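Data file: query_13.csv. Format and content: CSV, C-alpha atoms.
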chain,number,residue,atom,x,y,z
A,1279,MET,CA,77.8,127.8,76.9
A,1280,SER,CA,75.3,124.9,77.3
A,1281,PRO,CA,74.2,122.1,75.1
A,1282,THR,CA,70.8,123.7,74.6
A,1283,THR,CA,72.2,127.0,73.3
A,1284,VAL,CA,74.8,125.8,70.8
A,1285,ARG,CA,73.2,124.7,67.6
A,1286,ASN,CA,75.8,125.6,64.9
A,1287,ASN,CA,78.5,123.5,63.6
A,1288,TYR,CA,81.4,125.9,63.6
A,1289,TYR,CA,83.7,123.4,62.0
A,1290,ALA,CA,81.4,123.2,59.0
A,1291,ILE,CA,81.0,127.0,58.9
A,1292,LEU,CA,84.8,127.3,58.6
A,1293,GLY,CA,85.1,124.3,56.4
A,1294,ILE,CA,87.7,122.6,58.5
A,1295,PRO,CA,88.0,119.2,60.2
A,1296,GLN,CA,87.6,118.8,63.9
A,1297,SER,CA,91.3,118.0,64.2
A,1298,ALA,CA,92.4,121.3,62.6
A,1299,ASP,CA,95.0,123.2,64.6
A,1300,SER,CA,95.0,126.9,65.4
A,1301,ALA,CA,97.1,127.9,62.4
A,1302,THR,CA,94.6,126.2,60.1
A,1303,ILE,CA,91.7,127.9,61.8
A,1304,ARG,CA,93.2,131.3,61.5
A,1305,SER,CA,94.3,130.8,57.9
A,1306,ARG,CA,90.9,129.5,56.9
A,1307,TYR,CA,89.1,132.4,58.7
A,1308,LYS,CA,91.2,135.0,56.9
A,1309,ARG,CA,90.4,133.6,53.5
A,1310,LEU,CA,86.6,133.4,54.3
A,1311,VAL,CA,86.5,136.9,55.6
A,1312,LEU,CA,87.5,138.3,52.2
A,1313,ASP,CA,84.5,136.5,50.6
A,1314,THR,CA,81.9,137.0,53.3
A,1315,HIS,CA,82.5,140.6,54.4
A,1316,PRO,CA,79.4,142.7,53.9
A,1317,ASP,CA,81.4,145.2,51.8
A,1318,ARG,CA,81.9,142.6,49.2
A,1319,ASN,CA,79.0,140.2,49.7
A,1320,LYS,CA,75.8,141.9,48.7
A,1321,GLU,CA,73.5,139.1,49.6
A,1322,PRO,CA,70.6,140.1,52.0
A,1323,ASN,CA,72.0,137.8,54.8
A,1324,ALA,CA,75.6,138.8,54.3
A,1325,THR,CA,75.9,140.5,57.7
A,1326,ALA,CA,74.4,137.5,59.6
A,1327,GLU,CA,76.8,135.1,57.7
A,1328,PHE,CA,79.7,137.3,58.5
A,1329,GLN,CA,78.8,137.5,62.2
A,1330,LEU,CA,78.4,133.7,62.3
A,1331,LEU,CA,81.8,133.3,60.8
A,1332,GLN,CA,83.3,135.6,63.4
A,1333,THR,CA,81.6,133.7,66.2
A,1334,ALA,CA,82.9,130.4,64.8
A,1335,TYR,CA,86.4,131.7,64.7
A,1336,GLU,CA,86.3,133.1,68.2
A,1337,GLU,CA,84.9,129.9,69.6
A,1338,LEU,CA,87.5,127.6,67.9
A,1339,TYR,CA,90.6,129.8,68.0
A,1340,ASP,CA,90.4,130.3,71.8
A,1341,VAL,CA,91.7,127.1,73.5
A,1342,ASP,CA,89.4,127.2,76.5
A,1343,LYS,CA,86.3,128.0,74.4
A,1344,ARG,CA,87.2,125.3,71.9
A,1345,ARG,CA,87.6,122.7,74.6
A,1346,GLU,CA,84.1,123.5,76.0
A,1347,TYR,CA,82.7,123.6,72.4
A,1348,ASP,CA,84.2,120.2,71.5
A,1349,ARG,CA,82.6,118.7,74.6
A,1350,ILE,CA,79.2,120.0,73.5
A,1351,TYR,CA,79.9,119.1,69.8
A,1352,ARG,CA,80.6,115.5,70.8
A,1353,SER,CA,77.4,115.2,72.9
A,1354,THR,CA,74.9,117.2,70.8
A,1355,ILE,CA,76.0,118.8,67.5
A,1356,GLY,CA,78.0,115.8,66.1
A,1357,PRO,CA,75.3,113.2,67.0
A,1358,GLU,CA,72.5,115.4,65.7
A,1359,GLU,CA,74.2,116.0,62.3
A,1360,ALA,CA,75.0,112.2,62.1
A,1361,LYS,CA,71.3,111.6,62.8
A,1362,ASN,CA,70.2,114.1,60.2
A,1363,GLN,CA,72.6,112.6,57.6
A,1364,LYS,CA,71.4,109.1,58.3
A,1365,ILE,CA,67.7,110.2,58.0
A,1366,ALA,CA,68.5,112.1,54.8
A,1367,GLU,CA,70.1,108.9,53.3
A,1368,LEU,CA,67.1,106.8,54.3
A,1369,GLU,CA,64.7,109.4,52.9
A,1370,LYS,CA,66.7,109.5,49.7
A,1371,ARG,CA,66.4,105.7,49.6
A,1372,LEU,CA,62.6,106.0,50.0
A,1373,VAL,CA,62.5,108.3,47.0
A,1374,GLN,CA,64.5,105.8,44.9
A,1375,LEU,CA,62.2,103.0,46.0
A,1376,LYS,CA,59.2,105.0,45.1
A,1377,VAL,CA,60.6,105.7,41.6
A,1378,GLU,CA,61.4,102.0,41.2
A,1379,LEU,CA,58.0,101.0,42.5
A,1380,ILE,CA,56.2,103.3,40.0
A,1381,GLY,CA,58.2,101.8,37.1
A,1382,LEU,CA,57.4,98.2,38.2
A,1383,GLU,CA,53.7,99.0,38.7
A,1384,THR,CA,53.5,100.6,35.2
A,1385,LEU,CA,55.2,97.5,33.8
A,1386,LEU,CA,52.8,95.3,35.7
A,1387,ARG,CA,49.8,97.1,34.3
A,1388,ASN,CA,51.1,96.8,30.8
A,1389,LEU,CA,51.8,93.1,31.2
A,1390,THR,CA,48.3,92.6,32.7
A,1391,LYS,CA,46.8,94.3,29.6
A,1392,GLU,CA,48.9,92.0,27.4
A,1393,LEU,CA,47.8,89.0,29.4
A,1394,VAL,CA,44.1,89.9,29.0
A,1395,ARG,CA,44.7,90.3,25.2
A,1396,LEU,CA,46.4,86.9,25.0
A,1397,LEU,CA,43.7,85.2,27.0
A,1398,ALA,CA,41.0,86.7,24.7
A,1399,GLU,CA,42.9,85.5,21.7
A,1400,GLY,CA,43.4,82.1,23.3
A,1401,ASP,CA,39.6,81.8,24.0
A,1402,SER,CA,39.0,82.8,20.4
A,1403,ILE,CA,41.3,80.1,19.0
A,1404,LYS,CA,39.8,77.6,21.4
A,1405,GLY,CA,36.3,78.5,20.3
A,1406,GLU,CA,37.3,78.3,16.6
A,1407,LYS,CA,38.9,74.9,17.2
A,1408,GLU,CA,35.7,73.6,18.9
A,1409,ARG,CA,33.7,74.9,16.0
A,1410,LEU,CA,35.9,73.0,13.5
A,1411,VAL,CA,35.6,69.9,15.6
A,1412,ARG,CA,31.8,70.1,15.5
A,1413,GLU,CA,31.8,70.8,11.8
A,1414,ARG,CA,34.2,67.9,11.2
A,1415,ASN,CA,32.0,65.5,13.1
A,1416,SER,CA,28.9,66.7,11.3
A,1417,GLU,CA,30.5,66.6,7.9
A,1418,GLU,CA,32.0,63.2,8.4
A,1419,ARG,CA,28.7,61.7,9.3
A,1420,TRP,CA,27.2,63.4,6.1
A,1421,TRP,CA,30.1,62.3,3.9
A,1422,LEU,CA,29.8,58.7,5.2
A,1423,TYR,CA,26.1,58.8,4.4
A,1424,ILE,CA,26.8,60.1,0.9
A,1425,CYS,CA,29.6,57.6,0.2
A,1426,SER,CA,27.3,54.7,1.2
A,1427,PHE,CA,25.2,55.6,-1.9
A,1428,MET,CA,28.0,57.0,-4.1
A,1429,PRO,CA,31.3,55.1,-3.6
A,1430,GLY,CA,33.0,57.4,-6.2
A,1431,ARG,CA,32.9,60.3,-3.8
A,1432,ALA,CA,35.2,58.6,-1.3
A,1433,ALA,CA,38.3,60.3,-2.8
A,1434,GLU,CA,36.7,63.7,-2.3
A,1435,PHE,CA,35.8,62.8,1.2
A,1436,THR,CA,39.4,61.8,1.9
A,1437,ARG,CA,40.7,65.1,0.4
A,1438,GLN,CA,38.3,67.2,2.5
A,1439,LYS,CA,39.3,65.2,5.6
A,1440,GLN,CA,43.0,65.8,5.0
A,1441,LEU,CA,42.4,69.5,4.4
A,1442,ARG,CA,40.4,69.7,7.6
A,1443,GLU,CA,43.1,67.9,9.6
A,1444,ARG,CA,45.7,70.4,8.3
A,1445,VAL,CA,43.6,73.2,9.5
A,1446,MET,CA,43.1,71.5,12.9
A,1447,THR,CA,46.8,71.0,13.2
A,1448,THR,CA,47.5,74.6,12.4
A,1449,MET,CA,44.9,75.7,14.9
A,1450,ALA,CA,46.3,73.4,17.6
A,1451,GLY,CA,49.8,74.9,17.0
A,1452,LYS,CA,48.4,78.4,17.4
A,1453,GLN,CA,46.7,77.4,20.6
A,1454,ARG,CA,49.9,75.9,22.0
A,1455,THR,CA,51.8,79.1,21.1
A,1456,LYS,CA,49.1,81.2,22.9
A,1457,GLU,CA,49.2,79.0,25.9
A,1458,TRP,CA,53.0,79.3,26.0
A,1459,ASN,CA,52.9,83.1,25.7
A,1460,ILE,CA,50.2,83.2,28.4
A,1461,ASN,CA,52.3,81.1,30.8
A,1462,LEU,CA,55.3,83.3,30.1
A,1463,LYS,CA,53.3,86.4,30.9
A,1464,LEU,CA,51.9,84.8,34.1
A,1465,ALA,CA,55.5,84.0,35.2
A,1466,GLU,CA,56.6,87.6,34.4
A,1467,ILE,CA,53.6,89.0,36.3
A,1468,LYS,CA,54.3,86.7,39.3
A,1469,SER,CA,58.0,87.9,39.3
A,1470,LEU,CA,56.9,91.5,39.1
A,1471,LYS,CA,54.5,91.1,42.0
A,1472,GLU,CA,57.2,89.5,44.1
A,1473,SER,CA,59.5,92.4,43.3
A,1474,ILE,CA,56.9,95.0,44.1
A,1475,GLN,CA,56.2,93.2,47.4
A,1476,SER,CA,59.9,93.1,48.2
A,1477,ILE,CA,60.1,96.9,47.6
A,1478,HIS,CA,57.1,97.5,49.8
A,1479,SER,CA,58.9,95.5,52.5
A,1480,VAL,CA,62.1,97.5,52.2
A,1481,GLU,CA,60.1,100.7,52.2
A,1482,CYS,CA,58.3,99.6,55.4
A,1483,ARG,CA,61.6,98.7,57.1
A,1484,THR,CA,63.1,102.0,56.0
A,1485,LYS,CA,60.3,104.0,57.5
A,1486,VAL,CA,60.5,102.0,60.7
A,1487,GLU,CA,64.2,102.7,60.8
A,1488,ILE,CA,63.6,106.4,60.4
A,1489,ARG,CA,61.1,106.4,63.2
A,1490,ARG,CA,63.5,104.4,65.4
A,1491,ILE,CA,66.3,106.9,64.8
A,1492,GLU,CA,64.0,109.9,65.5
A,1493,GLU,CA,62.7,108.2,68.7
A,1494,CYS,CA,66.3,107.4,69.9
A,1495,TRP,CA,67.3,111.0,69.2
A,1496,ARG,CA,64.2,112.3,71.1
A,1497,GLN,CA,65.1,110.1,74.1
A,1498,LEU,CA,68.7,111.3,74.0
A,1499,VAL,CA,67.6,115.0,73.9
A,1500,ILE,CA,65.3,114.3,76.9
A,1501,LEU,CA,68.1,112.6,78.8
A,1502,GLN,CA,70.5,115.5,78.0
A,1503,GLU,CA,68.0,118.1,79.2
A,1504,MET,CA,67.4,116.1,82.4
A,1505,GLU,CA,71.2,116.0,83.0
A,1506,ARG,CA,71.4,119.8,82.3
A,1507,VAL,CA,68.6,120.5,84.8
A,1508,LEU,CA,70.2,118.3,87.4
A,1509,ALA,CA,73.6,119.9,86.9
A,1510,GLU,CA,72.0,123.4,87.3
A,1511,ARG,CA,70.2,122.3,90.4
A,1512,ARG,CA,73.5,120.8,91.8
A,1513,ASN,CA,75.3,124.0,91.0
A,1514,GLN,CA,72.6,126.0,92.7
A,1515,ARG,CA,72.8,123.8,95.8
A,1516,GLU,CA,76.6,124.1,95.9
A,1517,GLN,CA,76.4,127.9,95.6
A,1518,ALA,CA,73.8,128.0,98.3
A,1519,ASP,CA,75.9,125.8,100.5
A,1520,ARG,CA,79.0,128.0,99.9
A,1521,ALA,CA,76.9,131.2,100.6
A,1522,ARG,CA,75.6,129.6,103.8
A,1523,ALA,CA,79.1,128.5,104.9
A,1524,ALA,CA,80.4,132.0,104.2
A,1525,THR,CA,77.6,133.6,106.2
A,1526,GLN,CA,78.2,131.2,109.1
A,1527,ALA,CA,82.0,131.9,108.9
A,1528,ASN,CA,81.3,135.6,108.9
A,1529,TYR,CA,79.0,135.2,111.9
A,1530,PHE,CA,81.6,133.2,114.0
A,1531,THR,CA,84.3,135.7,113.0
A,1532,LYS,CA,82.2,138.6,114.3
A,1533,ARG,CA,81.3,136.7,117.5
A,1534,ASN,CA,84.9,135.8,118.2
A,1535,SER,CA,85.8,139.5,117.6
A,1536,TYR,CA,83.2,140.6,120.2
A,1537,ASN,CA,84.4,138.0,122.7
A,1538,MET,CA,87.9,139.4,122.3
A,1539,TRP,CA,86.7,142.9,123.3
A,1540,GLY,CA,84.7,141.6,126.2
A,1541,PHE,CA,81.2,142.0,124.7
Representation of the structure as structure tokens:
Amino acid sequence: MSPTTVRNNYYAILGIPQSADSATIRSRYKRLVLDTHPDRNKEPNATAEFQLLQTAYEELYDVDKRREYDRIYRSTIGPEEAKNQKIAELEKRLVQLKVELIGLETLLRNLTKELVRLLAEGDSIKGEKERLVRERNSEERWWLYICSFMPGRAAEFTRQKQLRERVMTTMAGKQRTKEWNINLKLAEIKSLKESIQSIHSVECRTKVEIRRIEECWRQLVILQEMERVLAERRNQREQADRARAATQANYFTKRNSYNMWGF
């Protein structure tokens, strides 16, 4: 059994913790056999699942096999599943950020449309106010000219002036209200843009973290493979040395035997 051949989490297949004892392993296996046996399970992959369950039981119930499997589990399977779980959590976070980003961008578009409308209304009020100012200045000059010839029209001039001032006051109030709403929308848009930028930053950092985890795992796999190759070469050299030593010992034994008989 080598780290490059074991790819299944037998503890997960049996649904037991890594600290489970032999009695727990056997009890759990017996319960699962009843559900996964091909005679009862009619799924297309029932036979493969049953065989995998048997393999998991055999590897974990046997003390020596389990000791070797646990060594491999700690070095490969456990870290790989932890890596996959971490990446899955980060990818889930990316999906959540994407949904949140879509919502904020939609809200930003709506606020921008509202701001454009308020600006247009504000420009309209400003234009109307400027028109009233021009009319007031023109009419005042005309009324002053009339009153210079007809003093009795001064009261009418005063009434028209007061009416115009009330209209101007109302128009100024509308303009201030529009300006306040515009400033409020601008503040909301600024806050939204900052939130969107913050989400983009978190999204970028999350993607970088995923790449970092994958790169660390790739380096670990390469290192483990190098260690496996070196271990195989070391075993091969040790076997060759033992075979050479055995050949030499056999040679000297035969030579000593020949010397004993005078050859």
message = Report, in Å to a single decimal, how far apart atom CA of A:Lys1485 and atom CA of A:Leu1386 are.
response = 24.6 Å
task = Find, counting all atoms listed in the file, the residue in A:Arg1371, A:Ala1366, A:Lys1407, A:Ile1488 that gets nearest to A:Thr1447.
result =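 Between A:Arg1371, A:Ala1366, A:Lys1407, A:Ile1488, the residue approaching A:Thr1447 most closely is A:Lys1407.
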task = Dump as a PyMOL selection string all residues having an atom at most 12 Å from (91.0, 128.2, 69.0), computed in the file's coordinates with only C-alpha atoms.
result = chain A and resi 1288-1289+1296-1305+1307+1333-1348
query = At what distance in Å, to one decimal, does atom CA of A:Lys1361 lie from atom CA of A:Ala1290?
reply = 15.8 Å
ask   = How far is it from atom CA of A:Ile1467 to atom CA of A:Ala1450, in Å with one decimal?
value =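 It comes out at 25.4 Å.
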ask   = Of the residues A:Thr1525, A:Asn1286, A:Gln1440, A:Gln1453, which is the one nearest to A:Ala1398, using only C-alpha atoms?
value = A:Gln1453
Residue with smallest distance to A:Gly1451 - pool A:Cys1482, A:Ile1403, A:Ile1365, A:Ile1350, counting all atoms listed in the file =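 Comparing A:Cys1482, A:Ile1403, A:Ile1365, A:Ile1350 against A:Gly1451, the winner is A:Ile1403.
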task = Identify which of the residues A:Ala1521, A:Leu1508, A:Glu1487, A:Thr1354 lies closest to A:Glu1367, counting all atoms listed in the file when measuring atom-to-atom distances.
result = A:Glu1487
Residue nearest A:Glu1327 among A:Arg1442, A:Arg1352, A:His1315, A:Lys1471 (counting all atoms listed in the file) =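 Closest candidate: A:His1315.
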request  = For A:Thr1455, list every protein, DNA or RNA residue within 12 Å, evaluated using only C-alpha atoms, and leave out those in the same chain fewer than 5 positions away; present the list as a PyMOL selection string.
outcome  = chain A and resi 1396-1397+1399-1400+1403+1448-1450+1460-1462
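Taking only C-alpha atoms into account, A:Arg1483 lies nearest to A:Leu1368 out of the set A:Leu1368, A:Leu1393, A:Val1445, A:Gly1381.
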